[in-house]
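What follows is coords_35.cif (mmCIF, C-alpha atoms).
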data_run
loop_
_atom_site.label_atom_id
_atom_site.label_comp_id
_atom_site.auth_asym_id
_atom_site.auth_seq_id
_atom_site.Cartn_x
_atom_site.Cartn_y
_atom_site.Cartn_z
CA MET A 229 144.46 114.53 72.63
CA THR A 230 141.83 112.12 73.92
CA ILE A 231 139.19 112.68 76.58
CA ARG A 232 141.13 110.26 78.80
CA LYS A 233 144.26 112.37 78.92
CA ALA A 234 143.37 113.14 82.55
CA ILE A 235 143.98 109.48 83.42
CA GLY A 236 147.23 109.13 81.49
CA SER A 237 148.72 112.32 82.93
CA ALA A 238 147.35 112.06 86.49
CA ARG A 239 149.87 112.90 89.22
CA ARG A 240 148.11 110.78 91.85
CA ILE A 241 145.76 107.88 91.15
CA VAL A 242 143.64 105.70 93.40
CA VAL A 243 143.36 102.15 92.04
CA LYS A 244 140.82 99.75 93.54
CA ALA A 245 140.84 95.99 92.96
CA GLY A 246 137.96 93.80 94.04
CA SER A 247 138.32 90.31 95.41
CA SER A 248 137.38 88.82 92.04
CA SER A 249 140.50 90.45 90.54
CA LEU A 250 142.78 88.89 93.17
CA THR A 251 141.39 85.42 93.85
CA THR A 252 141.17 81.98 92.26
CA PRO A 253 137.82 80.52 91.14
CA GLN A 254 137.79 78.77 94.53
CA GLY A 255 137.95 82.13 96.31
CA THR A 256 141.52 81.95 97.62
CA ILE A 257 144.22 84.55 96.98
CA ASP A 258 145.94 84.13 93.59
CA ALA A 259 149.63 85.10 93.88
CA ASN A 260 150.03 85.26 90.09
CA ARG A 261 147.15 87.72 89.74
CA ILE A 262 148.59 89.90 92.48
CA ASP A 263 152.03 89.91 90.84
CA ALA A 264 150.53 90.79 87.47
CA LEU A 265 148.63 93.73 88.93
CA VAL A 266 151.64 94.91 90.93
CA ASP A 267 153.68 94.82 87.69
CA VAL A 268 151.25 97.38 86.25
CA LEU A 269 151.14 99.58 89.35
CA ALA A 270 154.92 99.55 89.77
CA ALA A 271 155.41 100.57 86.14
CA ARG A 272 153.13 103.57 86.58
CA ARG A 273 154.84 104.36 89.88
CA ALA A 274 158.24 104.28 88.11
CA ALA A 275 156.87 106.81 85.61
CA GLY A 276 156.40 109.28 88.47
CA THR A 277 152.75 108.80 89.43
CA GLU A 278 151.78 108.37 93.07
CA ILE A 279 149.65 105.26 93.55
CA VAL A 280 147.15 104.64 96.35
CA PHE A 281 145.94 101.06 96.13
CA VAL A 282 142.58 100.06 97.64
CA SER A 283 142.56 96.28 97.87
CA SER A 284 139.83 93.86 98.81
CA GLY A 285 140.67 90.25 99.61
CA ALA A 286 141.43 90.12 103.34
CA ILE A 287 138.57 87.73 104.08
CA ALA A 288 139.43 85.59 101.04
CA ALA A 289 143.05 85.38 102.20
CA GLY A 290 141.90 84.08 105.57
CA LEU A 291 139.72 81.25 104.27
CA GLY A 292 142.50 78.72 103.71
CA PRO A 293 144.27 79.13 107.07
CA LEU A 294 140.92 78.82 108.84
CA GLY A 295 139.97 75.73 106.85
CA LEU A 296 136.89 77.38 105.36
CA ALA A 297 135.63 76.26 101.97
CA ARG A 298 133.74 79.45 101.21
CA ARG A 299 133.19 82.98 102.49
CA PRO A 300 131.37 82.83 105.85
CA ARG A 301 128.01 84.52 106.19
CA ASP A 302 128.11 85.44 109.87
CA LEU A 303 129.89 88.63 110.90
CA ALA A 304 132.05 87.10 113.65
CA THR A 305 133.63 84.52 111.32
CA GLN A 306 134.10 87.16 108.62
CA GLN A 307 135.97 89.26 111.16
CA ALA A 308 138.11 86.27 112.17
CA ALA A 309 138.94 85.56 108.52
CA ALA A 310 139.78 89.23 107.94
CA SER A 311 142.04 89.28 110.99
CA VAL A 312 144.03 86.31 109.71
CA GLY A 313 143.87 87.27 106.05
CA GLN A 314 144.81 90.95 106.27
CA GLY A 315 148.33 90.20 107.46
CA LEU A 316 148.80 87.53 104.80
CA LEU A 317 147.48 89.84 102.09
CA VAL A 318 149.78 92.71 103.02
CA ALA A 319 152.72 90.30 103.30
CA ARG A 320 152.00 89.18 99.73
CA TYR A 321 151.90 92.79 98.51
CA THR A 322 155.08 93.57 100.45
CA ALA A 323 156.92 90.77 98.66
CA SER A 324 155.47 91.61 95.27
CA PHE A 325 156.24 95.35 95.38
CA ALA A 326 159.70 94.60 96.81
CA ARG A 327 160.61 93.14 93.41
CA TYR A 328 160.66 96.75 92.24
CA GLY A 329 162.30 98.21 95.32
CA LEU A 330 159.00 99.65 96.56
CA THR A 331 157.79 99.62 100.15
CA VAL A 332 154.11 99.35 101.06
CA GLY A 333 152.23 100.66 104.08
CA GLN A 334 149.01 99.20 105.44
CA VAL A 335 146.11 101.63 105.93
CA LEU A 336 142.97 100.23 107.56
CA LEU A 337 140.01 102.62 107.64
CA THR A 338 136.59 102.60 109.23
CA PRO A 339 133.62 104.87 108.52
CA ASP A 340 134.45 106.64 111.78
CA ASP A 341 137.69 107.81 110.14
CA MET A 342 135.52 109.68 107.64
CA MET A 343 132.72 110.70 110.01
CA ARG A 344 134.85 112.23 112.75
CA ARG A 345 136.62 115.35 111.56
CA SER A 346 139.71 114.79 113.70
CA HIS A 347 140.00 111.20 112.47
CA HIS A 348 139.58 112.37 108.88
CA ARG A 349 142.38 114.89 109.18
CA ASN A 350 144.63 112.36 110.87
CA ALA A 351 144.05 109.79 108.12
CA GLN A 352 144.69 112.45 105.49
CA ARG A 353 147.99 113.43 107.10
CA ALA A 354 149.08 109.83 107.54
CA VAL A 355 148.42 108.81 103.94
CA GLY A 356 149.96 112.05 102.68
CA GLN A 357 153.13 111.33 104.64
CA LEU A 358 153.32 107.79 103.27
CA LEU A 359 153.18 109.19 99.74
CA ALA A 360 155.76 111.87 100.57
CA LEU A 361 158.10 109.12 101.77
CA GLY A 362 157.66 107.16 98.55
CA ILE A 363 155.53 104.43 100.15
CA VAL A 364 152.65 102.72 98.33
CA PRO A 365 149.61 102.82 100.68
CA ILE A 366 147.56 99.62 100.64
CA VAL A 367 144.09 100.62 101.85
CA ASN A 368 141.27 98.39 103.02
CA GLU A 369 138.28 98.63 105.31
CA ASN A 370 139.11 97.47 108.81
CA ASP A 371 136.84 94.42 108.60
CA MET A 372 138.00 93.20 112.00
CA VAL A 373 136.14 95.97 113.81
CA ALA A 374 133.47 96.81 111.23
CA THR A 375 129.87 95.90 112.02
CA ASP A 376 126.84 95.32 109.84
CA GLU A 377 125.51 98.70 110.95
CA ILE A 378 128.73 100.70 110.63
CA ARG A 379 130.77 99.89 107.54
CA PHE A 380 131.49 101.26 104.08
CA GLY A 381 129.60 98.34 102.59
CA ASP A 382 131.80 98.09 99.52
CA ASN A 383 135.35 99.01 98.63
CA ASP A 384 134.11 100.92 95.57
CA ARG A 385 132.60 103.46 97.91
CA LEU A 386 135.72 103.39 100.07
CA ALA A 387 137.90 104.03 97.00
CA ALA A 388 135.83 107.06 96.01
CA LEU A 389 136.17 108.48 99.51
CA VAL A 390 139.90 107.76 99.50
CA ALA A 391 140.15 109.71 96.22
CA HIS A 392 138.79 112.70 98.12
CA LEU A 393 140.86 111.98 101.22
CA THR A 394 144.08 111.95 99.19
CA ARG A 395 143.06 114.66 96.71
CA ALA A 396 143.72 112.23 93.88
CA ASP A 397 143.48 113.22 90.23
CA ALA A 398 141.81 110.02 88.99
CA LEU A 399 140.24 106.75 90.13
CA VAL A 400 140.48 103.35 88.41
CA LEU A 401 138.01 100.66 89.51
CA LEU A 402 139.03 97.11 88.58
CA SER A 403 136.08 94.74 88.48
CA ASP A 404 135.20 91.26 87.23
CA VAL A 405 133.80 92.73 84.02
CA ASP A 406 135.65 94.85 81.49
CA ALA A 407 133.14 97.73 81.41
CA LEU A 408 129.63 98.89 82.14
CA TYR A 409 127.12 97.39 79.68
CA THR A 410 123.59 98.16 78.59
CA GLY A 411 122.55 94.77 79.97
CA ASP A 412 123.98 91.55 81.32
CA PRO A 413 127.24 91.20 79.32
CA SER A 414 126.78 87.43 79.12
CA ARG A 415 123.65 87.89 77.03
CA PRO A 416 123.46 88.73 73.31
CA GLY A 417 122.84 92.35 72.43
CA ALA A 418 124.52 93.91 75.45
CA ALA A 419 126.71 96.83 74.35
CA ARG A 420 129.63 98.42 76.16
CA ILE A 421 129.02 101.94 77.42
CA GLU A 422 132.19 103.84 76.52
CA GLU A 423 131.46 107.10 78.36
CA VAL A 424 129.14 108.42 81.02
CA ARG A 425 128.90 112.20 81.15
CA THR A 426 125.75 112.64 83.21
CA PRO A 427 123.25 110.38 85.01
CA ALA A 428 120.99 110.81 81.98
CA ASP A 429 123.38 108.61 80.01
CA LEU A 430 122.32 105.68 82.19
CA ALA A 431 118.58 106.29 81.94
CA GLY A 432 116.71 103.05 81.31
CA ILE A 433 119.70 100.82 82.07
CA GLU A 434 119.11 98.17 84.73
CA LEU A 435 122.20 98.13 86.93
CA GLY A 436 121.20 95.45 89.42
CA GLY A 437 121.97 95.48 93.11
CA SER A 438 125.56 94.38 93.70
CA GLY A 439 127.92 92.72 91.17
CA ARG A 440 127.50 92.37 87.44
CA VAL A 441 124.91 94.35 85.52
CA GLY A 442 121.58 92.68 86.21
CA THR A 443 123.00 90.62 89.07
CA GLY A 444 124.64 93.31 91.21
CA GLY A 445 127.86 95.24 91.72
CA MET A 446 127.55 97.93 89.10
CA VAL A 447 125.30 100.01 91.33
CA THR A 448 128.11 100.58 93.80
CA LYS A 449 130.60 101.32 91.03
CA VAL A 450 128.36 103.89 89.38
CA GLU A 451 127.72 105.46 92.78
CA ALA A 452 131.46 105.55 93.44
CA ALA A 453 132.06 107.26 90.10
CA ARG A 454 129.35 109.80 90.93
CA ILE A 455 130.84 110.81 94.26
CA ALA A 456 134.55 110.57 93.38
CA GLY A 457 134.67 114.06 91.86
CA VAL A 458 137.51 113.03 89.49
CA PRO A 459 137.73 111.12 86.19
CA VAL A 460 136.95 107.42 86.76
CA VAL A 461 137.62 104.37 84.61
CA LEU A 462 135.84 101.08 85.22
CA THR A 463 137.39 97.96 83.68
CA ASN A 464 138.92 94.63 84.67
CA ALA A 465 142.41 93.82 85.96
CA ALA A 466 143.54 92.44 82.60
CA ARG A 467 143.10 95.93 81.12
CA ALA A 468 144.61 97.81 84.07
CA ALA A 469 147.73 98.93 82.16
CA ALA A 470 145.67 100.26 79.28
CA ALA A 471 143.27 102.02 81.64
CA LEU A 472 146.12 103.72 83.50
CA ALA A 473 147.65 104.81 80.19
CA GLY A 474 144.44 106.56 79.19
CA GLU A 475 143.60 104.13 76.40
CA PRO A 476 139.93 103.68 75.38
CA VAL A 477 139.12 100.61 77.44
CA GLY A 478 136.34 100.05 79.94
CA THR A 479 133.87 102.80 80.76
CA TYR A 480 135.04 106.35 81.35
CA PHE A 481 133.04 108.49 83.79
CA HIS A 482 133.44 112.22 83.36
CA PRO A 483 133.70 114.12 86.65
CA GLY A 484 130.87 116.46 85.64
CA ASP A 485 130.55 120.22 85.92
CA ALA A 486 129.38 120.40 89.55
CA PRO A 487 131.95 121.79 92.00
CA ARG A 488 133.81 119.10 93.89
CA MET A 489 132.32 118.60 97.35
CA SER A 490 134.29 119.75 100.34
CA SER A 491 135.70 116.91 102.43
CA ARG A 492 133.32 117.81 105.27
CA ASN A 493 130.22 117.61 103.08
CA LEU A 494 131.48 114.51 101.34
CA TRP A 495 131.86 112.41 104.45
CA LEU A 496 128.59 113.74 105.85
CA ALA A 497 126.73 112.76 102.67
CA HIS A 498 128.43 109.47 101.82
CA ALA A 499 130.37 108.17 104.82
CA THR A 500 127.82 108.62 107.58
CA THR A 501 124.54 107.04 108.50
CA GLY A 502 121.86 109.03 110.28
CA GLN A 503 121.66 107.82 113.90
CA GLY A 504 118.16 109.26 114.21
CA ARG A 505 115.78 111.74 112.61
CA VAL A 506 114.76 115.32 113.28
CA VAL A 507 111.43 116.34 111.75
CA LEU A 508 111.18 119.86 110.26
CA ASP A 509 108.24 122.10 109.45
CA ALA A 510 107.90 123.49 105.92
CA GLY A 511 109.63 126.75 106.77
CA ALA A 512 112.64 124.98 108.20
CA VAL A 513 112.88 122.69 105.16
CA GLU A 514 112.91 125.72 102.90
CA ALA A 515 115.51 127.49 105.04
CA VAL A 516 117.84 124.48 105.15
CA VAL A 517 117.45 123.27 101.57
CA GLN A 518 116.94 126.47 99.59
CA ARG A 519 118.74 129.09 101.66
CA ARG A 520 121.38 126.83 103.23
CA LYS A 521 120.62 128.11 106.73
CA SER A 522 121.31 126.47 110.08
CA LEU A 523 118.53 124.43 111.66
CA LEU A 524 117.04 126.33 114.60
CA PRO A 525 114.85 124.84 117.35
CA ALA A 526 111.89 126.91 116.15
CA GLY A 527 111.63 124.82 112.97
CA VAL A 528 111.70 121.39 114.65
CA THR A 529 108.43 119.50 115.09
CA GLY A 530 109.64 116.06 116.16
CA VAL A 531 112.53 113.75 116.92
CA GLN A 532 112.91 110.04 116.18
CA GLY A 533 115.44 107.56 117.51
CA GLU A 534 118.22 107.86 120.05
CA PHE A 535 121.39 109.84 119.43
CA ALA A 536 123.92 111.97 121.26
CA ALA A 537 125.26 115.45 120.59
CA GLY A 538 127.82 115.23 117.79
CA ASP A 539 126.12 112.31 116.02
CA PRO A 540 125.01 112.54 112.37
CA VAL A 541 121.21 112.73 112.07
CA ASP A 542 118.85 112.89 109.10
CA LEU A 543 116.56 115.88 108.64
CA VAL A 544 113.14 115.01 107.25
CA GLY A 545 110.11 116.98 106.19
CA ALA A 546 106.53 116.30 107.25
CA ASP A 547 106.30 113.71 104.44
CA GLY A 548 109.17 111.71 105.95
CA LEU A 549 111.57 112.29 103.06
CA VAL A 550 115.19 112.92 104.02
CA VAL A 551 116.30 116.38 102.86
CA ALA A 552 119.62 116.84 104.68
CA ARG A 553 122.06 115.36 107.18
CA GLY A 554 124.10 117.07 109.85
CA LEU A 555 125.95 116.81 113.13
CA VAL A 556 123.47 117.59 115.89
CA ASN A 557 124.29 119.83 118.86
CA TYR A 558 121.86 118.17 121.30
CA ASP A 559 121.04 114.73 122.60
CA ALA A 560 117.75 113.29 121.34
CA ALA A 561 116.25 113.53 124.83
CA GLU A 562 116.91 117.30 124.97
CA ILE A 563 115.22 118.28 121.72
CA PRO A 564 111.51 117.90 122.63
CA GLU A 565 111.82 120.68 125.21
CA LEU A 566 113.42 122.98 122.60
CA MET A 567 110.98 122.44 119.71
CA GLY A 568 109.24 125.53 118.45
CA ARG A 569 111.31 127.86 120.65
CA SER A 570 113.56 130.69 119.57
CA THR A 571 117.20 130.58 120.60
CA ARG A 572 116.67 133.86 122.48
CA TRP A 573 113.84 132.33 124.54
CA LEU A 574 115.94 129.24 125.25
CA ALA A 575 118.88 131.35 126.43
CA ARG A 576 116.63 133.34 128.71
CA GLU A 577 114.74 130.39 130.19
CA LEU A 578 117.34 127.61 130.16
CA GLY A 579 120.66 129.44 130.12
CA PRO A 580 123.11 130.87 127.57
CA GLU A 581 124.44 127.40 126.66
CA TYR A 582 121.11 126.76 124.89
CA GLU A 583 121.48 129.75 122.58
CA ARG A 584 122.73 127.63 119.71
CA GLU A 585 121.45 125.91 116.61
CA VAL A 586 120.18 122.35 116.54
CA ILE A 587 122.57 121.91 113.60
CA HIS A 588 124.93 124.62 112.35
CA ARG A 589 125.04 125.12 108.60
CA ASP A 590 128.78 124.37 108.56
CA HIS A 591 127.96 120.87 109.82
CA LEU A 592 125.07 120.22 107.45
CA VAL A 593 124.80 118.86 103.91
CA VAL A 594 121.67 118.99 101.73
CA LEU A 595 120.66 115.63 100.26
CA ALA A 596 117.37 116.50 98.58
#
Take the structure I supplied and represent it as structure tokens, if you would.
Amino acid sequence: MTIRKAIGSARRIVVKAGSSSLTTPQGTIDANRIDALVDVLAARRAAGTEIVFVSSGAIAAGLGPLGLARRPRDLATQQAAASVGQGLLVARYTASFARYGLTVGQVLLTPDDMMRRSHHRNAQRAVGQLLALGIVPIVNENDMVATDEIRFGDNDRLAALVAHLTRADALVLLSDVDALYTGDPSRPGAARIEEVRTPADLAGIELGGSGRVGTGGMVTKVEAARIAGVPVVLTNAARAAAALAGEPVGTYFHPGDAPRMSSRNLWLAHATTGQGRVVLDAGAVEAVVQRRKSLLPAGVTGVQGEFAAGDPVDLVGADGLVVARGLVNYDAAEIPELMGRSTRWLARELGPEYEREVIHRDHLVVLA
């Protein structure tokens, strides 16, 4: 029995393929690569495993029809390319999976689908029903409506969140490199990291910002593995079959001993961005971080930015460091009048509707 038995025997697996695994060197969609990957996924599906496929490539698929030689830099043209390319990409998957008698369903998600509890539940039900009906969900970020300020930022992160959303048993990340390395894999002396059990295993390793080790990308993959809460394998598309079979390829990330985050805390911590800041005194920081209490008006010393009730906001100490994030019960403009007051005083002076927390502990996650 190997340590990767969890991958080989998983009942439900999320598989993510980046654009580099699906495109030609010129950046256009490669039908042969898609067919080869679908061959692997269909084989695992035939063995009884439910597959949720997170696919990049919508913008790349739209380049040719729009007459673009390379990926556009401005958001509006990216959105136009995604709008054209998403349909073409799903059509290609539809044809490829149909060779095995499998039907696919398109699932386009935005961060709001993770941030808003009702949206989260709806997405969870929808994907669950697709799987119950024997459909292969093809998931991507809804690039057409995403903005620079509100987006997942990378499909690695999206795949990790989808693993939680679908209660998957494992996650396989297919990249342009076959594993995580101790340095740039194109340089002599770089060694493959076979396993990562704890963050300490990566101490001293330069991951880069986005892409290959030293040039980017691995940061988001390591972060995805950290938040997935399930066994994760990182490798390239050529080794996808071996990875899904639990063979010793790529880098295997152990899920760790920490309890798996609840869906609510997960999307608060990793799928939201603070729309403003609430400054806490030392007592409130201790209450929120150490004792997991609700944030009361008495512990608030300041407010920064503009936000509305129900928005996610960051909680910071006097030093400005973010210690938690939560869904606030008041608009930013209301909070200054409440600061330093007890809820009993507020109810007496302003009315019973003010006898409530700034953020309830059920809607708060500690980040420190």
With the file shown as input, list the residues that the PyMOL selection byres ((chain A and resi 409-422) around 7) selects, as a short mmCIF file (atom, residue, chain, number, x, y, z; two decimals) with C-alpha atoms, keeping the file's coordinate frame.
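To be explicit, this is the file written out as expr25.cif:
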data_model
loop_
_atom_site.label_atom_id
_atom_site.label_comp_id
_atom_site.auth_asym_id
_atom_site.auth_seq_id
_atom_site.Cartn_x
_atom_site.Cartn_y
_atom_site.Cartn_z
CA ALA A 407 133.14 97.73 81.41
CA LEU A 408 129.63 98.89 82.14
CA GLU A 423 131.46 107.10 78.36
CA ILE A 433 119.70 100.82 82.07
CA GLU A 434 119.11 98.17 84.73
CA VAL A 441 124.91 94.35 85.52
CA GLY A 442 121.58 92.68 86.21
CA GLY A 478 136.34 100.05 79.94
CA THR A 479 133.87 102.80 80.76
CA TYR A 480 135.04 106.35 81.35
#
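Protein and nucleic acid residues near (152.9, 110.4, 92.4) are Ala238, Arg239, Arg240, Ile241, Arg272, Arg273, Ala274, Ala275, Gly276, Thr277, Glu278, Ile279, Val280, Leu359, Ala360, Gly362, Val364 and Ala396 of chain A, the criterion being any atom at most 10 Å away using only C-alpha atoms.
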Next item on the list: May I ask for the distance between CA of Val318 in chain A and CA of Gly292 in chain A, given in Å to one decimal place?
Entry: 15.8 Å
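Between CA of Asn260 in chain A and CA of Phe325 in chain A there is a distance of 13.0 Å.
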Please enclose the listed atoms of range 577-583 of chain A in an axis-aligned box, pad each side by 4 Å, and write out the centre and the three edge lengths in Å, rounded to one decimal, as lines of an AutoDock Vina configuration file.
center_x = 119.6
center_y = 128.8
center_z = 126.4
size_x = 17.7
size_y = 12.1
size_z = 15.6
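The interatomic distance for the pair CA of Ser346 in chain A and CA of Gly313 in chain A works out to 28.9 Å.
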Check: Just so the selection is clear, what residues does the PyMOL selection byres ((chain A and resi 565) around 12) cover here, as a VMD selection string?
Finding: chain A and resid 525 to 526 528 to 531 558 to 564 566 to 570 573 to 574 577 to 578 582
Next item on the list: Would you kindly identify which residues have an atom no farther than 6 Å from (157.6, 101.8, 94.5), using all atoms listed in the file and the file's own coordinates, and write them out as a ChimeraX atom specification?
Entry: /A:270,273,329-330
Next item on the list: Within 12 Å of Glu475 in chain A, counting all atoms listed in the file, which residues show up once you throw out same-chain ones fewer than 4 positions away? Write them as a count of residues only, please.
Entry: 19
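Taking all atoms listed in the file into account, Thr256 in chain A lies nearest to A:Arg299 out of the set A:Arg454, A:Arg299, A:Arg320, A:Arg589.
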Margin query: Considering all atoms listed in the file, can you say which of A:Asp542, A:Asp267, A:Asp397, A:Asp547 comes closest to Leu592 in chain A?
Written below: A:Asp542
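Close contacts of Thr252 in chain A, defined as residues with an atom at most 12 Å away when counting only C-alpha atoms, with chain neighbours fewer than 2 positions off set aside, comprise Ser247, Ser248, Ser249, Leu250, Gln254, Gly255, Thr256, Ile257, Asp258, Ala259, Asn260, Arg261, Ile262, Gly285, Ala288, Ala289, Gly292 and Arg298 of chain A.
Remark: for Ala245 in chain A, the closest of the candidate residues A:Met446, A:Ala398, A:Leu294, A:Ala465 is A:Ala465 (distances computed over all atoms listed in the file).
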Matched chain/residue IDs from the PyMOL selection byres ((chain A and resi 283) around 6), as a CSV table (one decimal) with C-alpha atoms, in the frame of the given file:
chain,number,residue,atom,x,y,z
A,244,LYS,CA,140.8,99.8,93.5
A,245,ALA,CA,140.8,96.0,93.0
A,282,VAL,CA,142.6,100.1,97.6
A,284,SER,CA,139.8,93.9,98.8
A,368,ASN,CA,141.3,98.4,103.0
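Closest approach to Val550 in chain A among A:Val460, A:Leu524, A:Leu595, A:Ala512: A:Leu595, based on only C-alpha atoms.
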Note to self: Which residues are close to Gly333 in chain A, i.e. within 8 Å by all atoms listed in the file, leaving aside same-chain residues fewer than 3 positions away? Reply as a PyMOL selection string.
What the structure shows: chain A and resi 358+363-366
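Nearest-residue note for Ser522 in chain A: choosing from A:Gly457, A:Pro540, A:Val477, A:Val593, the minimum distance belongs to A:Val593, counting all atoms listed in the file.
Nearest to Ala515 in chain A of all the residues A:Arg584, A:Val594, A:Arg301, A:His482 is A:Val594, based on all atoms listed in the file.
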Please, could all heavy atoms be added to range 521-528 of chain A and the result written as a PDB file, in the frame of the given file?
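See result-v3.pdb below for the written result:
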ATOM      1  N   LYS A 521     120.535 127.561 105.393  1.00  0.00           N
ATOM      2  CA  LYS A 521     120.620 128.110 106.730  1.00  0.00           C
ATOM      3  C   LYS A 521     120.820 127.011 107.766  1.00  0.00           C
ATOM      4  O   LYS A 521     120.590 125.830 107.514  1.00  0.00           O
ATOM      5  CB  LYS A 521     119.330 128.881 107.059  1.00  0.00           C
ATOM      6  CG  LYS A 521     119.075 130.093 106.167  1.00  0.00           C
ATOM      7  CD  LYS A 521     120.113 131.169 106.409  1.00  0.00           C
ATOM      8  CE  LYS A 521     119.784 132.439 105.630  1.00  0.00           C
ATOM      9  NZ  LYS A 521     120.777 133.508 105.865  1.00  0.00           N
ATOM     10  N   SER A 522     121.225 127.410 108.965  1.00  0.00           N
ATOM     11  CA  SER A 522     121.310 126.470 110.080  1.00  0.00           C
ATOM     12  C   SER A 522     119.906 126.051 110.504  1.00  0.00           C
ATOM     13  O   SER A 522     118.919 126.766 110.262  1.00  0.00           O
ATOM     14  CB  SER A 522     122.032 127.118 111.262  1.00  0.00           C
ATOM     15  OG  SER A 522     123.353 127.489 110.922  1.00  0.00           O
ATOM     16  N   LEU A 523     119.808 124.887 111.126  1.00  0.00           N
ATOM     17  CA  LEU A 523     118.530 124.430 111.660  1.00  0.00           C
ATOM     18  C   LEU A 523     118.370 124.956 113.070  1.00  0.00           C
ATOM     19  O   LEU A 523     119.165 124.643 113.962  1.00  0.00           O
ATOM     20  CB  LEU A 523     118.463 122.900 111.652  1.00  0.00           C
ATOM     21  CG  LEU A 523     117.203 122.311 112.310  1.00  0.00           C
ATOM     22  CD1 LEU A 523     115.943 122.751 111.572  1.00  0.00           C
ATOM     23  CD2 LEU A 523     117.303 120.789 112.379  1.00  0.00           C
ATOM     24  N   LEU A 524     117.318 125.752 113.290  1.00  0.00           N
ATOM     25  CA  LEU A 524     117.040 126.330 114.600  1.00  0.00           C
ATOM     26  C   LEU A 524     115.931 125.528 115.297  1.00  0.00           C
ATOM     27  O   LEU A 524     115.098 124.890 114.635  1.00  0.00           O
ATOM     28  CB  LEU A 524     116.616 127.785 114.447  1.00  0.00           C
ATOM     29  CG  LEU A 524     117.632 128.713 113.757  1.00  0.00           C
ATOM     30  CD1 LEU A 524     117.055 130.115 113.613  1.00  0.00           C
ATOM     31  CD2 LEU A 524     118.942 128.729 114.515  1.00  0.00           C
ATOM     32  N   PRO A 525     115.887 125.593 116.616  1.00  0.00           N
ATOM     33  CA  PRO A 525     114.850 124.840 117.350  1.00  0.00           C
ATOM     34  C   PRO A 525     113.434 125.210 116.935  1.00  0.00           C
ATOM     35  O   PRO A 525     112.539 124.359 116.980  1.00  0.00           O
ATOM     36  CB  PRO A 525     115.113 125.228 118.804  1.00  0.00           C
ATOM     37  CG  PRO A 525     116.558 125.609 118.851  1.00  0.00           C
ATOM     38  CD  PRO A 525     116.830 126.264 117.524  1.00  0.00           C
ATOM     39  N   ALA A 526     113.234 126.456 116.511  1.00  0.00           N
ATOM     40  CA  ALA A 526     111.890 126.910 116.150  1.00  0.00           C
ATOM     41  C   ALA A 526     111.291 126.115 115.008  1.00  0.00           C
ATOM     42  O   ALA A 526     110.062 125.998 114.901  1.00  0.00           O
ATOM     43  CB  ALA A 526     111.917 128.397 115.802  1.00  0.00           C
ATOM     44  N   GLY A 527     112.131 125.549 114.140  1.00  0.00           N
ATOM     45  CA  GLY A 527     111.630 124.820 112.970  1.00  0.00           C
ATOM     46  C   GLY A 527     111.487 123.331 113.175  1.00  0.00           C
ATOM     47  O   GLY A 527     111.129 122.606 112.238  1.00  0.00           O
ATOM     48  N   VAL A 528     111.757 122.829 114.383  1.00  0.00           N
ATOM     49  CA  VAL A 528     111.700 121.390 114.650  1.00  0.00           C
ATOM     50  C   VAL A 528     110.339 121.007 115.208  1.00  0.00           C
ATOM     51  O   VAL A 528     109.825 121.647 116.125  1.00  0.00           O
ATOM     52  CB  VAL A 528     112.810 120.984 115.659  1.00  0.00           C
ATOM     53  CG1 VAL A 528     112.695 119.506 116.009  1.00  0.00           C
ATOM     54  CG2 VAL A 528     114.190 121.291 115.086  1.00  0.00           C
TER      55      VAL A 528
END
